[in-house]
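J.: The following file, upload.cif, comprises mmCIF, N, CA and C atoms:
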data_final
#
loop_
_atom_site.label_atom_id
_atom_site.label_comp_id
_atom_site.auth_asym_id
_atom_site.auth_seq_id
_atom_site.Cartn_x
_atom_site.Cartn_y
_atom_site.Cartn_z
N MET H 1 35.18 -25.67 -71.47
CA MET H 1 35.99 -26.58 -70.69
C MET H 1 35.86 -26.21 -69.21
N GLU H 2 35.44 -27.12 -68.43
CA GLU H 2 35.18 -26.89 -67.01
C GLU H 2 36.32 -27.47 -66.18
N GLN H 3 36.83 -26.63 -65.20
CA GLN H 3 37.91 -27.11 -64.32
C GLN H 3 37.37 -27.30 -62.92
N THR H 4 37.79 -28.35 -62.29
CA THR H 4 37.43 -28.59 -60.90
C THR H 4 38.70 -28.68 -60.09
N PHE H 5 38.60 -28.20 -58.85
CA PHE H 5 39.76 -28.22 -57.97
C PHE H 5 39.63 -29.40 -57.02
N VAL H 6 40.67 -30.20 -56.98
CA VAL H 6 40.69 -31.37 -56.11
C VAL H 6 41.80 -31.16 -55.09
N GLN H 7 41.47 -31.32 -53.82
CA GLN H 7 42.44 -31.18 -52.74
C GLN H 7 43.39 -32.37 -52.79
N PRO H 8 44.70 -32.10 -52.75
CA PRO H 8 45.65 -33.23 -52.73
C PRO H 8 45.45 -34.08 -51.47
N GLN H 9 45.75 -35.35 -51.58
CA GLN H 9 45.51 -36.29 -50.49
C GLN H 9 46.36 -36.00 -49.24
N GLY H 10 47.55 -35.50 -49.39
CA GLY H 10 48.43 -35.31 -48.24
C GLY H 10 48.19 -34.02 -47.47
N GLN H 11 47.34 -33.13 -47.95
CA GLN H 11 47.12 -31.83 -47.33
C GLN H 11 46.04 -31.91 -46.25
N PRO H 12 46.24 -31.21 -45.11
CA PRO H 12 45.20 -31.20 -44.06
C PRO H 12 44.01 -30.36 -44.51
N GLN H 13 42.83 -30.78 -44.14
CA GLN H 13 41.60 -30.08 -44.47
C GLN H 13 41.31 -29.02 -43.40
N PRO H 14 40.84 -27.83 -43.78
CA PRO H 14 40.49 -26.82 -42.77
C PRO H 14 39.31 -27.30 -41.93
N GLN H 15 39.41 -27.07 -40.63
CA GLN H 15 38.37 -27.52 -39.71
C GLN H 15 37.68 -26.32 -39.08
N GLY H 16 36.40 -26.44 -38.78
CA GLY H 16 35.67 -25.40 -38.06
C GLY H 16 35.35 -24.20 -38.92
N THR H 17 34.98 -23.11 -38.26
CA THR H 17 34.65 -21.89 -38.97
C THR H 17 35.75 -20.88 -38.78
N TYR H 18 35.81 -19.95 -39.70
CA TYR H 18 36.81 -18.90 -39.65
C TYR H 18 36.42 -17.86 -38.62
N GLN H 19 37.33 -17.51 -37.71
CA GLN H 19 37.09 -16.48 -36.71
C GLN H 19 38.02 -15.31 -37.01
N PRO H 20 37.47 -14.14 -37.42
CA PRO H 20 38.33 -13.00 -37.74
C PRO H 20 39.12 -12.53 -36.52
N VAL H 21 40.28 -11.98 -36.78
CA VAL H 21 41.15 -11.49 -35.72
C VAL H 21 40.52 -10.24 -35.09
N GLY H 22 40.54 -10.16 -33.78
CA GLY H 22 40.02 -9.01 -33.07
C GLY H 22 38.55 -9.08 -32.72
N VAL H 23 37.85 -10.09 -33.15
CA VAL H 23 36.44 -10.24 -32.84
C VAL H 23 36.30 -11.29 -31.74
N PRO H 24 35.64 -10.95 -30.62
CA PRO H 24 35.52 -11.94 -29.55
C PRO H 24 34.68 -13.14 -29.99
N ALA H 25 35.09 -14.31 -29.55
CA ALA H 25 34.41 -15.53 -29.96
C ALA H 25 33.13 -15.77 -29.17
N VAL H 26 33.01 -15.18 -28.00
CA VAL H 26 31.83 -15.39 -27.16
C VAL H 26 31.16 -14.05 -26.88
N ALA H 27 29.92 -14.10 -26.46
CA ALA H 27 29.19 -12.90 -26.10
C ALA H 27 29.78 -12.29 -24.84
N PRO H 28 29.58 -10.98 -24.61
CA PRO H 28 30.08 -10.36 -23.39
C PRO H 28 29.51 -11.02 -22.14
N LYS H 29 30.27 -10.96 -21.07
CA LYS H 29 29.88 -11.62 -19.83
C LYS H 29 28.94 -10.79 -18.96
N HIS H 30 28.47 -9.66 -19.45
CA HIS H 30 27.61 -8.77 -18.67
C HIS H 30 26.25 -8.63 -19.34
N PRO H 31 25.37 -9.61 -19.20
CA PRO H 31 24.10 -9.57 -19.93
C PRO H 31 23.13 -8.50 -19.43
N GLY H 32 23.25 -8.05 -18.20
CA GLY H 32 22.31 -7.07 -17.67
C GLY H 32 22.76 -5.63 -17.82
N MET H 33 23.93 -5.42 -18.42
CA MET H 33 24.46 -4.07 -18.52
C MET H 33 23.59 -3.19 -19.42
N THR H 34 23.11 -3.73 -20.53
CA THR H 34 22.29 -2.94 -21.45
C THR H 34 21.01 -2.47 -20.77
N GLN H 35 20.34 -3.36 -20.06
CA GLN H 35 19.11 -2.97 -19.37
C GLN H 35 19.40 -1.92 -18.30
N GLY H 36 20.52 -2.06 -17.61
CA GLY H 36 20.88 -1.09 -16.58
C GLY H 36 21.14 0.30 -17.15
N ILE H 37 21.85 0.35 -18.26
CA ILE H 37 22.15 1.65 -18.88
C ILE H 37 20.88 2.29 -19.42
N ILE H 38 20.03 1.50 -20.08
CA ILE H 38 18.78 2.05 -20.59
C ILE H 38 17.88 2.49 -19.42
N GLY H 39 17.92 1.75 -18.32
CA GLY H 39 17.16 2.15 -17.13
C GLY H 39 17.64 3.48 -16.57
N LEU H 40 18.96 3.69 -16.56
CA LEU H 40 19.50 4.98 -16.11
C LEU H 40 19.06 6.12 -17.02
N VAL H 41 19.11 5.89 -18.31
CA VAL H 41 18.69 6.91 -19.28
C VAL H 41 17.21 7.24 -19.09
N CYS H 42 16.38 6.21 -18.92
CA CYS H 42 14.95 6.45 -18.70
C CYS H 42 14.72 7.22 -17.41
N GLY H 43 15.50 6.93 -16.38
CA GLY H 43 15.37 7.67 -15.12
C GLY H 43 15.70 9.14 -15.28
N VAL H 44 16.75 9.45 -16.02
CA VAL H 44 17.14 10.84 -16.24
C VAL H 44 16.09 11.55 -17.11
N VAL H 45 15.59 10.85 -18.13
CA VAL H 45 14.57 11.44 -19.00
C VAL H 45 13.29 11.72 -18.22
N SER H 46 12.99 10.89 -17.22
CA SER H 46 11.77 11.07 -16.44
C SER H 46 11.78 12.35 -15.61
N LEU H 47 12.92 12.97 -15.49
CA LEU H 47 13.01 14.23 -14.77
C LEU H 47 12.22 15.33 -15.48
N LEU H 48 12.19 15.30 -16.83
CA LEU H 48 11.54 16.36 -17.59
C LEU H 48 10.38 15.91 -18.47
N PHE H 49 10.39 14.66 -18.90
CA PHE H 49 9.38 14.19 -19.86
C PHE H 49 8.61 13.00 -19.32
N VAL H 50 7.33 13.11 -19.18
CA VAL H 50 6.40 12.06 -18.76
C VAL H 50 7.01 11.21 -17.64
N PRO H 51 7.16 11.79 -16.46
CA PRO H 51 7.88 11.12 -15.38
C PRO H 51 7.29 9.77 -14.97
N ILE H 52 5.98 9.64 -14.98
CA ILE H 52 5.39 8.39 -14.52
C ILE H 52 5.74 7.24 -15.45
N VAL H 53 5.78 7.49 -16.76
CA VAL H 53 6.08 6.43 -17.73
C VAL H 53 7.57 6.08 -17.71
N PHE H 54 8.42 7.10 -17.91
CA PHE H 54 9.85 6.83 -17.98
C PHE H 54 10.41 6.38 -16.63
N GLY H 55 9.85 6.87 -15.54
CA GLY H 55 10.31 6.44 -14.22
C GLY H 55 10.01 4.97 -13.97
N ILE H 56 8.79 4.53 -14.31
CA ILE H 56 8.44 3.12 -14.12
C ILE H 56 9.24 2.22 -15.04
N VAL H 57 9.43 2.64 -16.30
CA VAL H 57 10.25 1.85 -17.23
C VAL H 57 11.68 1.74 -16.70
N GLY H 58 12.23 2.83 -16.17
CA GLY H 58 13.58 2.80 -15.61
C GLY H 58 13.69 1.86 -14.42
N ILE H 59 12.66 1.85 -13.57
CA ILE H 59 12.67 0.95 -12.41
C ILE H 59 12.60 -0.51 -12.87
N ILE H 60 11.72 -0.79 -13.83
CA ILE H 60 11.60 -2.18 -14.33
C ILE H 60 12.91 -2.64 -14.97
N LEU H 61 13.54 -1.79 -15.78
CA LEU H 61 14.81 -2.17 -16.40
C LEU H 61 15.91 -2.32 -15.35
N GLY H 62 15.88 -1.52 -14.29
CA GLY H 62 16.84 -1.68 -13.21
C GLY H 62 16.68 -3.02 -12.50
N VAL H 63 15.42 -3.45 -12.30
CA VAL H 63 15.17 -4.75 -11.68
C VAL H 63 15.66 -5.88 -12.58
N LEU H 64 15.41 -5.75 -13.89
CA LEU H 64 15.89 -6.78 -14.83
C LEU H 64 17.42 -6.85 -14.82
N SER H 65 18.06 -5.70 -14.78
CA SER H 65 19.52 -5.67 -14.72
C SER H 65 20.04 -6.30 -13.44
N LEU H 66 19.34 -6.02 -12.35
CA LEU H 66 19.72 -6.60 -11.05
C LEU H 66 19.60 -8.12 -11.07
N ARG H 67 18.54 -8.63 -11.68
CA ARG H 67 18.34 -10.08 -11.75
C ARG H 67 19.36 -10.77 -12.66
N LYS H 68 19.91 -10.02 -13.62
CA LYS H 68 20.91 -10.61 -14.52
C LYS H 68 22.32 -10.48 -13.99
N GLY H 69 22.48 -9.96 -12.78
CA GLY H 69 23.79 -9.97 -12.15
C GLY H 69 24.50 -8.63 -12.07
N GLU H 70 23.95 -7.59 -12.64
CA GLU H 70 24.57 -6.26 -12.55
C GLU H 70 24.04 -5.54 -11.32
N LYS H 71 24.61 -5.88 -10.16
CA LYS H 71 24.08 -5.39 -8.89
C LYS H 71 24.16 -3.88 -8.76
N ALA H 72 25.33 -3.30 -8.94
CA ALA H 72 25.51 -1.86 -8.75
C ALA H 72 24.71 -1.06 -9.76
N LEU H 73 24.77 -1.46 -11.01
CA LEU H 73 24.05 -0.74 -12.06
C LEU H 73 22.54 -0.85 -11.88
N GLY H 74 22.07 -2.02 -11.50
CA GLY H 74 20.64 -2.22 -11.28
C GLY H 74 20.10 -1.38 -10.13
N ILE H 75 20.82 -1.39 -9.02
CA ILE H 75 20.39 -0.60 -7.86
C ILE H 75 20.43 0.89 -8.19
N THR H 76 21.46 1.34 -8.91
CA THR H 76 21.56 2.74 -9.30
C THR H 76 20.40 3.14 -10.21
N ALA H 77 20.08 2.29 -11.18
CA ALA H 77 18.97 2.59 -12.10
C ALA H 77 17.64 2.65 -11.35
N ILE H 78 17.43 1.74 -10.42
CA ILE H 78 16.19 1.74 -9.63
C ILE H 78 16.09 3.01 -8.79
N ALA H 79 17.16 3.34 -8.07
CA ALA H 79 17.13 4.50 -7.18
C ALA H 79 16.98 5.81 -7.95
N LEU H 80 17.79 6.00 -9.00
CA LEU H 80 17.70 7.24 -9.75
C LEU H 80 16.37 7.38 -10.47
N SER H 81 15.85 6.30 -11.00
CA SER H 81 14.55 6.36 -11.68
C SER H 81 13.46 6.75 -10.70
N ALA H 82 13.47 6.18 -9.51
CA ALA H 82 12.45 6.51 -8.51
C ALA H 82 12.56 7.96 -8.06
N VAL H 83 13.78 8.40 -7.75
CA VAL H 83 13.98 9.77 -7.27
C VAL H 83 13.64 10.78 -8.36
N PHE H 84 14.14 10.56 -9.58
CA PHE H 84 13.87 11.51 -10.66
C PHE H 84 12.41 11.49 -11.07
N MET H 85 11.73 10.36 -10.93
CA MET H 85 10.30 10.30 -11.23
C MET H 85 9.53 11.20 -10.25
N ILE H 86 9.87 11.11 -8.98
CA ILE H 86 9.20 11.93 -7.96
C ILE H 86 9.51 13.41 -8.18
N ILE H 87 10.78 13.74 -8.44
CA ILE H 87 11.15 15.14 -8.68
C ILE H 87 10.46 15.65 -9.96
N GLY H 88 10.42 14.81 -11.00
CA GLY H 88 9.77 15.21 -12.25
C GLY H 88 8.29 15.47 -12.08
N MET H 89 7.61 14.64 -11.27
CA MET H 89 6.19 14.87 -11.02
C MET H 89 6.00 16.16 -10.22
N GLY H 90 6.85 16.39 -9.23
CA GLY H 90 6.77 17.63 -8.45
C GLY H 90 7.04 18.85 -9.31
N LEU H 91 8.00 18.75 -10.21
CA LEU H 91 8.31 19.84 -11.12
C LEU H 91 7.13 20.12 -12.06
N GLY H 92 6.48 19.06 -12.53
CA GLY H 92 5.31 19.22 -13.37
C GLY H 92 4.17 19.90 -12.65
N VAL H 93 3.94 19.52 -11.41
CA VAL H 93 2.89 20.16 -10.61
C VAL H 93 3.22 21.63 -10.39
N TYR H 94 4.48 21.93 -10.08
CA TYR H 94 4.90 23.31 -9.85
C TYR H 94 4.70 24.17 -11.09
N VAL H 95 5.10 23.66 -12.24
CA VAL H 95 4.97 24.41 -13.49
C VAL H 95 3.49 24.65 -13.81
N ASN H 96 2.65 23.65 -13.57
CA ASN H 96 1.22 23.80 -13.87
C ASN H 96 0.49 24.70 -12.89
N THR H 97 0.95 24.80 -11.67
CA THR H 97 0.28 25.66 -10.69
C THR H 97 0.79 27.09 -10.70
N HIS H 98 1.92 27.35 -11.34
CA HIS H 98 2.49 28.70 -11.43
C HIS H 98 2.72 29.07 -12.89
N PRO H 99 1.68 29.17 -13.70
CA PRO H 99 1.89 29.46 -15.12
C PRO H 99 2.41 30.87 -15.37
N ASP H 100 2.15 31.81 -14.45
CA ASP H 100 2.60 33.18 -14.64
C ASP H 100 4.13 33.29 -14.61
N LEU H 101 4.80 32.37 -13.94
CA LEU H 101 6.27 32.40 -13.87
C LEU H 101 6.92 31.94 -15.17
N PHE H 102 6.18 31.22 -16.01
CA PHE H 102 6.77 30.62 -17.19
C PHE H 102 6.20 31.19 -18.49
N LYS H 103 5.50 32.33 -18.40
CA LYS H 103 5.01 32.99 -19.61
C LYS H 103 6.15 33.74 -20.27
N THR H 104 6.09 33.78 -21.60
CA THR H 104 7.08 34.56 -22.32
C THR H 104 6.58 35.99 -22.43
N ASN H 105 7.48 36.91 -22.37
CA ASN H 105 7.16 38.32 -22.50
C ASN H 105 7.05 38.63 -23.98
N SER H 106 5.83 38.85 -24.47
CA SER H 106 5.62 39.02 -25.90
C SER H 106 6.31 40.27 -26.43
N SER H 107 6.37 41.33 -25.64
CA SER H 107 7.03 42.54 -26.12
C SER H 107 8.53 42.32 -26.24
N MET H 108 9.10 41.55 -25.32
CA MET H 108 10.52 41.28 -25.40
C MET H 108 10.85 40.36 -26.57
N SER H 109 10.04 39.31 -26.77
CA SER H 109 10.30 38.41 -27.88
C SER H 109 10.07 39.12 -29.21
N GLY H 110 9.11 40.05 -29.25
CA GLY H 110 8.90 40.83 -30.46
C GLY H 110 10.10 41.70 -30.77
N ALA H 111 10.70 42.28 -29.74
CA ALA H 111 11.88 43.13 -29.92
C ALA H 111 13.06 42.30 -30.41
N VAL H 112 13.18 41.08 -29.90
CA VAL H 112 14.29 40.20 -30.32
C VAL H 112 14.11 39.80 -31.78
N ILE H 113 12.88 39.47 -32.16
CA ILE H 113 12.61 39.07 -33.55
C ILE H 113 12.86 40.26 -34.48
N GLU H 114 12.44 41.45 -34.05
CA GLU H 114 12.66 42.65 -34.86
C GLU H 114 14.14 42.94 -35.02
N ALA H 115 14.91 42.78 -33.95
CA ALA H 115 16.36 43.04 -34.01
C ALA H 115 17.05 42.02 -34.90
N LEU H 116 16.61 40.78 -34.87
CA LEU H 116 17.23 39.75 -35.70
C LEU H 116 16.87 39.90 -37.18
N SER H 117 15.71 40.45 -37.45
CA SER H 117 15.29 40.58 -38.85
C SER H 117 15.97 41.73 -39.58
N GLN H 118 16.65 42.61 -38.85
CA GLN H 118 17.33 43.75 -39.49
C GLN H 118 18.63 43.37 -40.11
#
Any chance you could give the structure as structure tokens?
T.:
Amino acid sequence: MEQTFVQPQGQPQPQGTYQPVGVPAVAPKHPGMTQGIIGLVCGVVSLLFVPIVFGIVGIILGVLSLRKGEKALGITAIALSAVFMIIGMGLGVYVNTHPDLFKTNSSMSGAVIEALSQ
């Protein structure tokens, strides 16, 4: 036996879609914020890791953020990415031209490993 539900004639019909409580109905009003934040992160990463790549990516994302209306964040991402890219390249050159300053002392590391193994 199959039952079907019929809406009574006097009842109002639900209209539209259900919107859960606490969920915004529209997208955020800051479309360039994500690009700006990722641009800042890329700029900071360019200080130590592949400065030319991460620095340029940070600058491009800062420009995209600036074009989407996030003026302060875009300018900050562009400036920090450029400055950290230059510092990162200089740091890379310094480390490569002074390898004796960054060598590990094998006798000291051997002593530490020996002390830890006891």
J.: Nearest to Ala72 (chain H) among H:Gly90, H:Gly36, H:Gly58, H:Gly43, with distances taken over only C-alpha atoms: which residue is it?
T.: H:Gly36
J.: How far is it from CA of Gly32 (chain H) to CA of Lys68 (chain H), in Å with one decimal?
T.: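 Distance reported for this atom pair: 4.9 Å.
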J.: Give me, as a ChimeraX atom specification, all polymer residues having an atom no more than 12 Å from region 92-94 of chain H, counting only C-alpha atoms and skipping those fewer than 3 positions away in the same chain.
T.: /H:46-52,84-89,97-102
J.: As a check of understanding, name the residues that the PyMOL selection byres (((chain H and resi 65 and name CA) around 10) and name CA) selects in the supplied structure, as a list in words.
T.: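 Applying the expression gives His30, Pro31, Gly32, Met33, Thr34, Gln35, Gly36, Ile37, Ile38, Gly39, Ile59, Ile60, Leu61, Gly62, Val63, Leu64, Leu66, Arg67, Lys68, Gly69, Glu70, Lys71, Ala72, Leu73, Gly74, Ile75, Ala77 and Ile78 of chain H.
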J.: Using atom N of Val57 (chain H) and CA of Thr76 (chain H) as the two end points, give the distance in Å to one decimal.
T.: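 One can read the atom N of Val57 (chain H) to CA of Thr76 (chain H) distance as 14.0 Å.
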J.: What is the atom C of Cys42 (chain H) to atom C of Leu91 (chain H) distance in Å?
T.: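 Between these atoms lies a distance of 15.9 Å.
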